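J.: Supplied structure: query_23.csv, CSV, N, CA and C atoms.
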chain,number,residue,atom,x,y,z
A,539,MET,N,72.5,137.1,57.3
A,539,MET,CA,73.2,136.7,58.5
A,539,MET,C,72.6,135.4,59.0
A,540,LYS,N,73.4,134.5,59.5
A,540,LYS,CA,73.0,133.2,60.1
A,540,LYS,C,73.8,133.0,61.3
A,541,TYR,N,73.5,132.0,62.1
A,541,TYR,CA,74.3,131.7,63.3
A,541,TYR,C,74.2,130.2,63.6
A,542,GLN,N,75.1,129.7,64.4
A,542,GLN,CA,75.0,128.4,64.9
A,542,GLN,C,75.8,128.3,66.3
A,543,ARG,N,75.2,127.6,67.2
A,543,ARG,CA,75.8,127.4,68.5
A,543,ARG,C,76.9,126.4,68.3
A,544,ILE,N,78.1,126.7,68.7
A,544,ILE,CA,79.2,125.8,68.6
A,544,ILE,C,79.7,125.3,69.9
A,545,ALA,N,79.3,125.9,71.0
A,545,ALA,CA,79.6,125.5,72.4
A,545,ALA,C,78.6,126.1,73.3
A,546,GLU,N,78.6,125.6,74.5
A,546,GLU,CA,77.6,126.2,75.5
A,546,GLU,C,77.7,127.7,75.6
A,547,ALA,N,78.9,128.2,75.5
A,547,ALA,CA,79.1,129.6,75.8
A,547,ALA,C,79.4,130.4,74.5
A,548,THR,N,79.3,129.8,73.3
A,548,THR,CA,79.7,130.5,72.1
A,548,THR,C,78.8,130.2,71.0
A,549,ILE,N,78.5,131.2,70.2
A,549,ILE,CA,77.7,131.1,69.0
A,549,ILE,C,78.5,131.7,67.9
A,550,GLU,N,78.6,131.0,66.8
A,550,GLU,CA,79.3,131.5,65.6
A,550,GLU,C,78.3,132.3,64.8
A,551,ILE,N,78.7,133.5,64.4
A,551,ILE,CA,77.8,134.3,63.6
A,551,ILE,C,78.4,134.3,62.2
A,552,LEU,N,77.5,133.9,61.2
A,552,LEU,CA,77.9,133.9,59.8
A,552,LEU,C,77.3,135.1,59.1
A,553,PRO,N,78.1,136.0,58.7
A,553,PRO,CA,77.6,137.2,58.0
A,553,PRO,C,76.8,136.9,56.8
A,554,ASP,N,77.1,135.9,56.1
A,554,ASP,CA,76.3,135.4,54.9
A,554,ASP,C,76.0,136.6,54.0
A,555,GLY,N,77.0,137.4,53.6
A,555,GLY,CA,76.8,138.5,52.7
A,555,GLY,C,76.4,139.8,53.3
A,556,THR,N,76.1,139.8,54.6
A,556,THR,CA,75.8,141.1,55.3
A,556,THR,C,77.1,141.8,55.6
A,557,PRO,N,77.2,143.0,55.2
A,557,PRO,CA,78.4,143.8,55.5
A,557,PRO,C,78.7,143.8,57.0
A,558,ILE,N,79.9,143.6,57.5
A,558,ILE,CA,80.2,143.5,58.9
A,558,ILE,C,79.7,144.7,59.7
A,559,ILE,N,80.0,145.9,59.2
A,559,ILE,CA,79.5,147.1,60.0
A,559,ILE,C,78.0,147.1,60.1
A,560,GLU,N,77.3,146.7,59.1
A,560,GLU,CA,75.8,146.6,59.1
A,560,GLU,C,75.4,145.6,60.1
A,561,MET,N,76.1,144.4,60.1
A,561,MET,CA,75.7,143.4,61.1
A,561,MET,C,76.0,143.8,62.5
A,562,LEU,N,77.1,144.4,62.8
A,562,LEU,CA,77.5,144.9,64.1
A,562,LEU,C,76.6,146.0,64.6
A,563,MET,N,76.2,146.9,63.7
A,563,MET,CA,75.3,148.0,64.1
A,563,MET,C,73.9,147.4,64.4
A,564,ALA,N,73.4,146.4,63.7
A,564,ALA,CA,72.1,145.8,64.0
A,564,ALA,C,72.2,145.1,65.3
A,565,ILE,N,73.3,144.4,65.6
A,565,ILE,CA,73.4,143.7,66.9
A,565,ILE,C,73.4,144.8,68.0
A,566,ALA,N,74.2,145.9,67.8
A,566,ALA,CA,74.2,146.9,68.8
A,566,ALA,C,72.9,147.5,69.1
A,567,LYS,N,72.1,147.8,68.1
A,567,LYS,CA,70.8,148.4,68.2
A,567,LYS,C,69.8,147.5,69.0
A,568,ILE,N,69.8,146.2,68.6
A,568,ILE,CA,68.8,145.3,69.2
A,568,ILE,C,69.3,145.0,70.6
A,569,SER,N,70.6,144.9,70.9
A,569,SER,CA,71.1,144.7,72.2
A,569,SER,C,70.7,145.8,73.1
A,570,TYR,N,70.9,147.0,72.7
A,570,TYR,CA,70.5,148.2,73.6
A,570,TYR,C,69.0,148.2,73.8
A,571,ASP,N,68.2,148.1,72.7
A,571,ASP,CA,66.8,148.2,72.7
A,571,ASP,C,66.1,147.1,73.6
A,572,THR,N,66.8,145.9,73.7
A,572,THR,CA,66.2,144.8,74.5
A,572,THR,C,66.8,144.7,75.8
A,573,ALA,N,67.8,145.5,76.2
A,573,ALA,CA,68.5,145.4,77.5
A,573,ALA,C,67.6,145.9,78.6
A,574,THR,N,67.8,145.3,79.8
A,574,THR,CA,67.1,145.7,81.0
A,574,THR,C,67.7,146.9,81.7
A,575,PRO,N,66.9,147.8,82.1
A,575,PRO,CA,67.6,148.9,83.0
A,575,PRO,C,68.1,148.3,84.2
A,576,ARG,N,69.3,148.7,84.6
A,576,ARG,CA,70.0,148.2,85.8
A,576,ARG,C,70.5,149.3,86.6
A,577,GLY,N,70.7,149.1,87.9
A,577,GLY,CA,71.3,150.2,88.7
A,577,GLY,C,70.6,151.5,88.6
A,578,LEU,N,71.3,152.5,88.3
A,578,LEU,CA,70.7,153.9,88.2
A,578,LEU,C,69.7,153.9,87.1
A,579,GLY,N,69.8,153.0,86.1
A,579,GLY,CA,68.9,153.0,85.0
A,579,GLY,C,67.5,152.7,85.4
A,580,ARG,N,67.3,152.0,86.5
A,580,ARG,CA,65.9,151.8,87.0
A,580,ARG,C,65.3,153.1,87.5
A,581,LEU,N,66.1,154.0,87.9
A,581,LEU,CA,65.6,155.3,88.4
A,581,LEU,C,65.3,156.3,87.4
A,582,GLN,N,65.7,156.1,86.1
A,582,GLN,CA,65.5,157.0,85.1
A,582,GLN,C,64.1,156.9,84.6
A,583,PRO,N,63.3,158.0,84.5
A,583,PRO,CA,61.9,158.0,84.1
A,583,PRO,C,61.9,157.8,82.6
A,584,PHE,N,63.0,158.1,81.8
A,584,PHE,CA,63.0,158.0,80.4
A,584,PHE,C,64.2,157.3,79.9
A,585,GLN,N,64.1,156.2,79.2
A,585,GLN,CA,65.3,155.6,78.7
A,585,GLN,C,65.6,156.1,77.3
A,586,THR,N,66.9,156.6,77.1
A,586,THR,CA,67.3,157.1,75.8
A,586,THR,C,67.1,156.0,74.7
A,587,PRO,N,66.3,156.4,73.6
A,587,PRO,CA,66.2,155.4,72.5
A,587,PRO,C,67.5,155.2,71.8
A,588,SER,N,67.7,154.0,71.2
A,588,SER,CA,69.0,153.7,70.6
A,588,SER,C,69.3,154.7,69.5
A,589,LEU,N,68.3,155.2,68.8
A,589,LEU,CA,68.5,156.1,67.7
A,589,LEU,C,69.2,157.4,68.2
A,590,GLU,N,69.2,157.7,69.5
A,590,GLU,CA,69.8,158.9,70.0
A,590,GLU,C,71.2,158.7,70.5
A,591,LEU,N,71.7,157.4,70.5
A,591,LEU,CA,73.0,157.0,70.9
A,591,LEU,C,73.9,156.8,69.7
A,592,CYS,N,75.2,157.1,69.9
A,592,CYS,CA,76.2,156.8,68.9
A,592,CYS,C,76.7,155.3,69.2
A,593,LEU,N,76.0,154.4,68.7
A,593,LEU,CA,76.3,153.0,68.9
A,593,LEU,C,77.6,152.6,68.2
A,594,GLU,N,78.0,153.3,67.2
A,594,GLU,CA,79.3,153.0,66.5
A,594,GLU,C,80.5,153.0,67.4
A,595,LYS,N,80.4,153.8,68.5
A,595,LYS,CA,81.6,153.9,69.3
A,595,LYS,C,81.9,152.7,70.1
A,596,TYR,N,81.0,151.7,70.1
A,596,TYR,CA,81.2,150.4,70.8
A,596,TYR,C,81.8,149.4,69.9
A,597,ILE,N,82.1,149.8,68.6
A,597,ILE,CA,82.7,148.9,67.7
A,597,ILE,C,84.2,149.2,67.7
A,598,ARG,N,85.0,148.2,68.0
A,598,ARG,CA,86.5,148.3,68.1
A,598,ARG,C,87.1,148.0,66.7
A,599,HIS,N,88.1,148.7,66.3
A,599,HIS,CA,88.7,148.4,65.0
A,599,HIS,C,90.2,148.1,65.2
A,600,LYS,N,90.7,147.4,64.3
A,600,LYS,CA,92.2,147.2,64.1
A,600,LYS,C,92.5,147.8,62.8
A,601,GLY,N,93.1,149.0,62.9
A,601,GLY,CA,93.2,149.8,61.7
A,601,GLY,C,91.9,150.3,61.2
A,602,GLU,N,91.5,150.0,60.0
A,602,GLU,CA,90.2,150.3,59.5
A,602,GLU,C,89.2,149.1,59.6
A,603,THR,N,89.7,148.0,60.0
A,603,THR,CA,88.9,146.8,60.1
A,603,THR,C,88.2,146.6,61.4
A,604,PRO,N,86.8,146.4,61.4
A,604,PRO,CA,86.1,146.1,62.7
A,604,PRO,C,86.5,144.7,63.2
A,605,VAL,N,86.8,144.6,64.5
A,605,VAL,CA,87.2,143.3,65.0
A,605,VAL,C,86.3,143.0,66.3
A,606,MET,N,85.5,143.9,66.8
A,606,MET,CA,84.8,143.6,68.0
A,606,MET,C,83.7,144.6,68.2
A,607,LEU,N,82.5,144.1,68.8
A,607,LEU,CA,81.5,145.0,69.3
A,607,LEU,C,81.5,144.7,70.8
A,608,LEU,N,81.7,145.7,71.6
A,608,LEU,CA,81.7,145.4,73.1
A,608,LEU,C,80.8,146.4,73.8
A,609,MET,N,79.7,145.9,74.3
A,609,MET,CA,78.7,146.7,75.0
A,609,MET,C,78.5,146.1,76.4
A,610,ASP,N,78.6,146.9,77.4
A,610,ASP,CA,78.4,146.4,78.8
A,610,ASP,C,77.2,147.2,79.3
A,611,TYR,N,77.4,148.1,80.2
A,611,TYR,CA,76.4,148.9,80.9
A,611,TYR,C,76.4,150.3,80.1
A,612,ILE,N,75.3,150.5,79.4
A,612,ILE,CA,75.2,151.7,78.6
A,612,ILE,C,73.9,152.5,78.8
A,613,ALA,N,74.1,153.8,79.2
A,613,ALA,CA,72.9,154.7,79.4
A,613,ALA,C,71.9,154.0,80.3
A,614,GLY,N,72.3,153.3,81.4
A,614,GLY,CA,71.4,152.7,82.3
A,614,GLY,C,70.9,151.4,81.9
A,615,ARG,N,71.4,150.8,80.9
A,615,ARG,CA,70.9,149.5,80.4
A,615,ARG,C,72.1,148.5,80.4
A,616,ASP,N,71.7,147.3,80.8
A,616,ASP,CA,72.7,146.2,81.0
A,616,ASP,C,72.7,145.4,79.7
A,617,CYS,N,73.6,145.8,78.7
A,617,CYS,CA,73.6,145.2,77.4
A,617,CYS,C,74.4,143.8,77.4
A,618,ARG,N,75.5,143.8,78.0
A,618,ARG,CA,76.4,142.6,78.0
A,618,ARG,C,76.5,141.8,76.7
A,619,THR,N,76.9,142.6,75.7
A,619,THR,CA,77.0,142.0,74.4
A,619,THR,C,78.4,142.1,73.9
A,620,LYS,N,79.0,141.0,73.6
A,620,LYS,CA,80.4,140.9,73.0
A,620,LYS,C,80.3,140.1,71.8
A,621,VAL,N,80.6,140.7,70.7
A,621,VAL,CA,80.8,140.0,69.4
A,621,VAL,C,82.2,140.3,68.9
A,622,PHE,N,82.9,139.2,68.6
A,622,PHE,CA,84.3,139.4,68.2
A,622,PHE,C,84.7,138.5,67.1
A,623,GLN,N,85.8,139.0,66.4
A,623,GLN,CA,86.3,138.2,65.3
A,623,GLN,C,87.5,137.3,65.9
A,624,GLY,N,87.3,136.0,65.8
A,624,GLY,CA,88.4,135.1,66.3
A,624,GLY,C,89.6,135.1,65.5
A,625,LYS,N,90.6,134.4,66.0
A,625,LYS,CA,91.9,134.3,65.2
A,625,LYS,C,91.7,133.6,63.9
A,626,ASP,N,90.6,132.8,63.8
A,626,ASP,CA,90.3,132.1,62.6
A,626,ASP,C,89.5,132.9,61.6
A,627,ALA,N,89.3,134.2,61.9
A,627,ALA,CA,88.6,135.2,61.1
A,627,ALA,C,87.1,135.0,61.1
A,628,LYS,N,86.6,134.1,61.9
A,628,LYS,CA,85.1,133.9,62.1
A,628,LYS,C,84.6,134.9,63.2
A,629,TRP,N,83.3,135.1,63.2
A,629,TRP,CA,82.7,136.0,64.1
A,629,TRP,C,81.9,135.2,65.2
A,630,TYR,N,82.0,135.6,66.4
A,630,TYR,CA,81.4,134.9,67.5
A,630,TYR,C,80.7,135.8,68.5
A,631,LEU,N,79.6,135.3,69.1
A,631,LEU,CA,78.9,136.0,70.2
A,631,LEU,C,79.2,135.3,71.4
A,632,ASP,N,79.6,136.0,72.4
A,632,ASP,CA,79.9,135.4,73.8
A,632,ASP,C,78.5,135.2,74.4
A,633,ALA,N,77.9,134.0,74.2
A,633,ALA,CA,76.6,133.7,74.7
A,633,ALA,C,76.6,133.7,76.3
A,634,TYR,N,77.7,133.3,76.9
A,634,TYR,CA,77.8,133.2,78.3
A,634,TYR,C,77.5,134.6,79.0
A,635,ALA,N,78.2,135.6,78.5
A,635,ALA,CA,78.0,137.0,79.1
A,635,ALA,C,76.6,137.5,78.7
A,636,PHE,N,76.2,137.3,77.5
A,636,PHE,CA,74.9,137.8,77.0
A,636,PHE,C,73.8,137.2,77.8
A,637,GLN,N,73.8,136.0,78.1
A,637,GLN,CA,72.7,135.3,78.8
A,637,GLN,C,72.6,135.7,80.3
A,638,GLN,N,73.5,136.5,80.8
A,638,GLN,CA,73.5,137.0,82.2
A,638,GLN,C,72.5,138.2,82.3
A,639,ARG,N,72.1,138.7,81.1
A,639,ARG,CA,71.2,139.8,81.1
A,639,ARG,C,69.9,139.4,81.7
A,640,LYS,N,69.2,140.2,82.4
A,640,LYS,CA,67.9,140.0,82.9
A,640,LYS,C,67.7,139.0,84.0
A,641,VAL,N,68.8,138.5,84.6
A,641,VAL,CA,68.7,137.6,85.7
A,641,VAL,C,69.5,138.2,86.9
A,642,THR,N,69.0,137.7,88.0
A,642,THR,CA,69.8,138.1,89.3
A,642,THR,C,71.0,137.2,89.4
A,643,SER,N,71.9,137.5,90.3
A,643,SER,CA,73.0,136.6,90.5
A,643,SER,C,72.6,135.2,91.0
A,644,GLU,N,71.6,135.2,91.8
A,644,GLU,CA,71.1,133.9,92.3
A,644,GLU,C,70.5,133.1,91.1
A,645,GLU,N,69.7,133.7,90.2
A,645,GLU,CA,69.2,133.0,89.1
A,645,GLU,C,70.3,132.5,88.1
A,646,PHE,N,71.3,133.3,88.0
A,646,PHE,CA,72.4,133.0,87.1
A,646,PHE,C,73.1,131.7,87.7
A,647,ILE,N,73.3,131.6,89.0
A,647,ILE,CA,74.0,130.4,89.6
A,647,ILE,C,73.1,129.2,89.3
A,648,GLN,N,71.8,129.4,89.3
A,648,GLN,CA,70.8,128.3,89.0
A,648,GLN,C,70.7,128.0,87.5
A,649,ARG,N,71.5,128.7,86.7
A,649,ARG,CA,71.5,128.5,85.2
A,649,ARG,C,70.2,128.9,84.6
A,650,ILE,N,69.5,129.8,85.2
A,650,ILE,CA,68.2,130.3,84.6
A,650,ILE,C,68.6,131.3,83.5
A,651,ILE,N,68.0,131.2,82.3
A,651,ILE,CA,68.2,132.1,81.2
A,651,ILE,C,66.9,132.8,80.9
A,652,ARG,N,66.9,134.1,80.9
A,652,ARG,CA,65.7,134.8,80.6
A,652,ARG,C,65.8,135.5,79.2
A,653,ASP,N,66.9,135.5,78.6
A,653,ASP,CA,67.2,136.1,77.3
A,653,ASP,C,68.1,135.2,76.5
A,654,PRO,N,67.5,134.2,75.9
A,654,PRO,CA,68.3,133.3,75.1
A,654,PRO,C,69.0,134.0,73.9
A,655,ALA,N,70.3,133.7,73.7
A,655,ALA,CA,71.1,134.3,72.7
A,655,ALA,C,70.5,134.0,71.3
A,656,GLU,N,69.9,132.9,71.1
A,656,GLU,CA,69.4,132.5,69.8
A,656,GLU,C,68.2,133.4,69.4
A,657,ALA,N,67.3,133.6,70.4
A,657,ALA,CA,66.1,134.5,70.2
A,657,ALA,C,66.6,135.9,69.9
A,658,PHE,N,67.6,136.4,70.6
A,658,PHE,CA,68.2,137.7,70.3
A,658,PHE,C,68.7,137.8,68.9
A,659,LEU,N,69.5,136.8,68.4
A,659,LEU,CA,70.0,136.8,67.1
A,659,LEU,C,68.9,136.7,66.0
A,660,ASP,N,67.8,136.1,66.3
A,660,ASP,CA,66.7,136.0,65.4
A,660,ASP,C,66.1,137.5,65.2
A,661,LYS,N,66.1,138.2,66.3
A,661,LYS,CA,65.6,139.7,66.3
A,661,LYS,C,66.6,140.5,65.4
A,662,VAL,N,67.9,140.2,65.6
A,662,VAL,CA,68.9,140.9,64.8
A,662,VAL,C,68.7,140.6,63.3
A,663,ILE,N,68.5,139.4,62.9
A,663,ILE,CA,68.2,139.0,61.5
A,663,ILE,C,67.0,139.7,61.0
A,664,GLN,N,65.9,139.8,61.8
A,664,GLN,CA,64.7,140.5,61.4
A,664,GLN,C,65.1,142.0,61.2
A,665,GLU,N,65.9,142.6,62.0
A,665,GLU,CA,66.3,144.0,61.9
A,665,GLU,C,67.1,144.2,60.6
A,666,ILE,N,68.0,143.3,60.3
A,666,ILE,CA,68.8,143.4,59.1
A,666,ILE,C,67.9,143.3,57.9
A,667,ASN,N,67.0,142.4,57.9
A,667,ASN,CA,66.0,142.2,56.8
A,667,ASN,C,65.1,143.4,56.6
A,668,ARG,N,64.7,144.0,57.7
A,668,ARG,CA,63.8,145.2,57.7
A,668,ARG,C,64.6,146.4,57.1
A,669,THR,N,65.8,146.6,57.4
A,669,THR,CA,66.6,147.7,56.9
A,669,THR,C,66.9,147.5,55.4
A,670,LYS,N,67.1,146.2,55.0
A,670,LYS,CA,67.4,146.0,53.6
A,670,LYS,C,66.2,146.3,52.7
A,671,LYS,N,65.0,146.1,53.3
A,671,LYS,CA,63.7,146.4,52.5
A,671,LYS,C,63.4,147.9,52.5
A,672,ALA,N,63.9,148.7,53.5
A,672,ALA,CA,63.6,150.1,53.5
A,672,ALA,C,64.4,150.9,52.5
Here is the file; what I need is its structure written in the form of structure tokens.
T.:
Amino acid sequence: MKYQRIAEATIEILPDGTPIIEMLMAIAKISYDTATPRGLGRLQPFQTPSLELCLEKYIRHKGETPVMLLMDYIAGRDCRTKVFQGKDAKWYLDAYAFQQRKVTSEEFIQRIIRDPAEAFLDKVIQEINRTKKA
């Protein structure tokens, strides 16, 4: 998997031979594992590990074909991860929504980013490479 920022709010994800489901599941796992507890999530003494969640249910399909990964507030964590297949059949990460993670509304207005999308995607690539070796 590779990626490239194509606009301020959009990153194109290039599967580069990685099966789409494997790519989306790695994104879902890293998204959940790195998400900040929000709302009632801050009150939970124990955060459910991603291995105990059915992350596949956040992948939307058109027929048998995956077309989107949509994760918002899950088990007390603020994931804000949207990866979708565009009309051009390419895959994109909504960097605008993702980069709202871990910031207050005031920080967001000031354009402060605490969780850069590129750093997140680097972790996803590491996860894909780790699972290929296992």
J.: Can you list, as a short mmCIF file (atom, residue, chain, number, x, y, z; two decimals) with N, CA and C atoms, keeping the file's coordinate frame, every protein, DNA or RNA residue that comes within 7 Å of range 554-570 of chain A when you count all atoms listed in the file, leaving out same-chain residues fewer than 3 positions away?
T.:
data_model
loop_
_atom_site.label_atom_id
_atom_site.label_comp_id
_atom_site.auth_asym_id
_atom_site.auth_seq_id
_atom_site.Cartn_x
_atom_site.Cartn_y
_atom_site.Cartn_z
N MET A 539 72.50 137.10 57.30
CA MET A 539 73.20 136.70 58.50
C MET A 539 72.60 135.40 59.00
N LYS A 540 73.40 134.50 59.50
CA LYS A 540 73.00 133.20 60.10
C LYS A 540 73.80 133.00 61.30
N ILE A 551 78.70 133.50 64.40
CA ILE A 551 77.80 134.30 63.60
C ILE A 551 78.40 134.30 62.20
N ALA A 573 67.80 145.50 76.20
CA ALA A 573 68.50 145.40 77.50
C ALA A 573 67.60 145.90 78.60
N THR A 574 67.80 145.30 79.80
CA THR A 574 67.10 145.70 81.00
C THR A 574 67.70 146.90 81.70
N SER A 588 67.70 154.00 71.20
CA SER A 588 69.00 153.70 70.60
C SER A 588 69.30 154.70 69.50
N LEU A 593 76.00 154.40 68.70
CA LEU A 593 76.30 153.00 68.90
C LEU A 593 77.60 152.60 68.20
N GLU A 594 78.00 153.30 67.20
CA GLU A 594 79.30 153.00 66.50
C GLU A 594 80.50 153.00 67.40
N LEU A 607 82.50 144.10 68.80
CA LEU A 607 81.50 145.00 69.30
C LEU A 607 81.50 144.70 70.80
N ARG A 615 71.40 150.80 80.90
CA ARG A 615 70.90 149.50 80.40
C ARG A 615 72.10 148.50 80.40
N ASP A 616 71.70 147.30 80.80
CA ASP A 616 72.70 146.20 81.00
C ASP A 616 72.70 145.40 79.70
N CYS A 617 73.60 145.80 78.70
CA CYS A 617 73.60 145.20 77.40
C CYS A 617 74.40 143.80 77.40
N THR A 619 76.90 142.60 75.70
CA THR A 619 77.00 142.00 74.40
C THR A 619 78.40 142.10 73.90
N LYS A 661 66.10 138.20 66.30
CA LYS A 661 65.60 139.70 66.30
C LYS A 661 66.60 140.50 65.40
N VAL A 662 67.90 140.20 65.60
CA VAL A 662 68.90 140.90 64.80
C VAL A 662 68.70 140.60 63.30
N GLU A 665 65.90 142.60 62.00
CA GLU A 665 66.30 144.00 61.90
C GLU A 665 67.10 144.20 60.60
N ILE A 666 68.00 143.30 60.30
CA ILE A 666 68.80 143.40 59.10
C ILE A 666 67.90 143.30 57.90
#
J.: Pick from A:Glu602, A:Ile651, A:Lys620, A:Gln542: nearest to Ala635 in chain A, with only N, CA and C atoms counted?
T.: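 Closest candidate: A:Lys620.
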J.: For Thr548 in chain A, which residue out of A:Tyr596, A:Phe646, A:Phe658, A:Tyr634 is the nearest one, using all atoms listed in the file?
T.: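 That would be A:Tyr634, the residue with the smallest distance to Thr548 in chain A.
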J.: Please, what distance in Å, to one decimal, runs between CA of Pro575 in chain A and CA of Asp660 in chain A?
T.: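 Computed distance, CA of Pro575 in chain A to CA of Asp660 in chain A, equals 21.8 Å.
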J.: Using DSSP secondary structure from the backbone, list all helix (DSSP H, G or I) positions within chain A, as a PyMOL selection string.
T.: chain A and resi 558-572+577-581+588-590+593-596+633-636+643-647+655-671
J.: With distances taken over all atoms listed in the file, which residue among A:Pro604, A:Arg639, A:Ala547, A:Thr572 lies nearest Phe622 in chain A?
T.: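 Of A:Pro604, A:Arg639, A:Ala547, A:Thr572, the one nearest Phe622 in chain A is A:Pro604, counting all atoms listed in the file.
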J.: In Å to one decimal, how far is CA of Arg576 in chain A from atom N of Ile612 in chain A?
T.: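 So the two atoms, atom N of Ile612 in chain A and CA of Arg576 in chain A, lie 8.6 Å apart.
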J.: Please give the complete set of residues from chain A that DSSP, run on the backbone, assigns to strand (DSSP E or B), formatted as JSON, numbers by chain.
T.: {"A": [540, 541, 542, 543, 544, 545, 548, 549, 550, 551, 552, 574, 575, 597, 598, 599, 600, 603, 604, 605, 606, 607, 608, 609, 610, 611, 612, 615, 616, 617, 618, 619, 620, 621, 622, 623, 629, 630, 631, 632]}
J.: Counting all atoms listed in the file, which of A:Val641, A:Leu552, A:Ile544, A:Ile663 gets nearest to Lys628 in chain A?
T.: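 Smallest distance to Lys628 in chain A is found for A:Leu552.
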J.: Hey, which of A:Phe636, A:Tyr630, A:Met606, A:Tyr541 ends up closest to Arg618 in chain A? Count only N, CA and C atoms.
T.: A:Phe636
J.: How far is it from atom C of Ile647 in chain A to CA of Ala545 in chain A, in Å with one decimal?
T.: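 About the pair atom C of Ile647 in chain A and CA of Ala545 in chain A: they are 18.5 Å apart.
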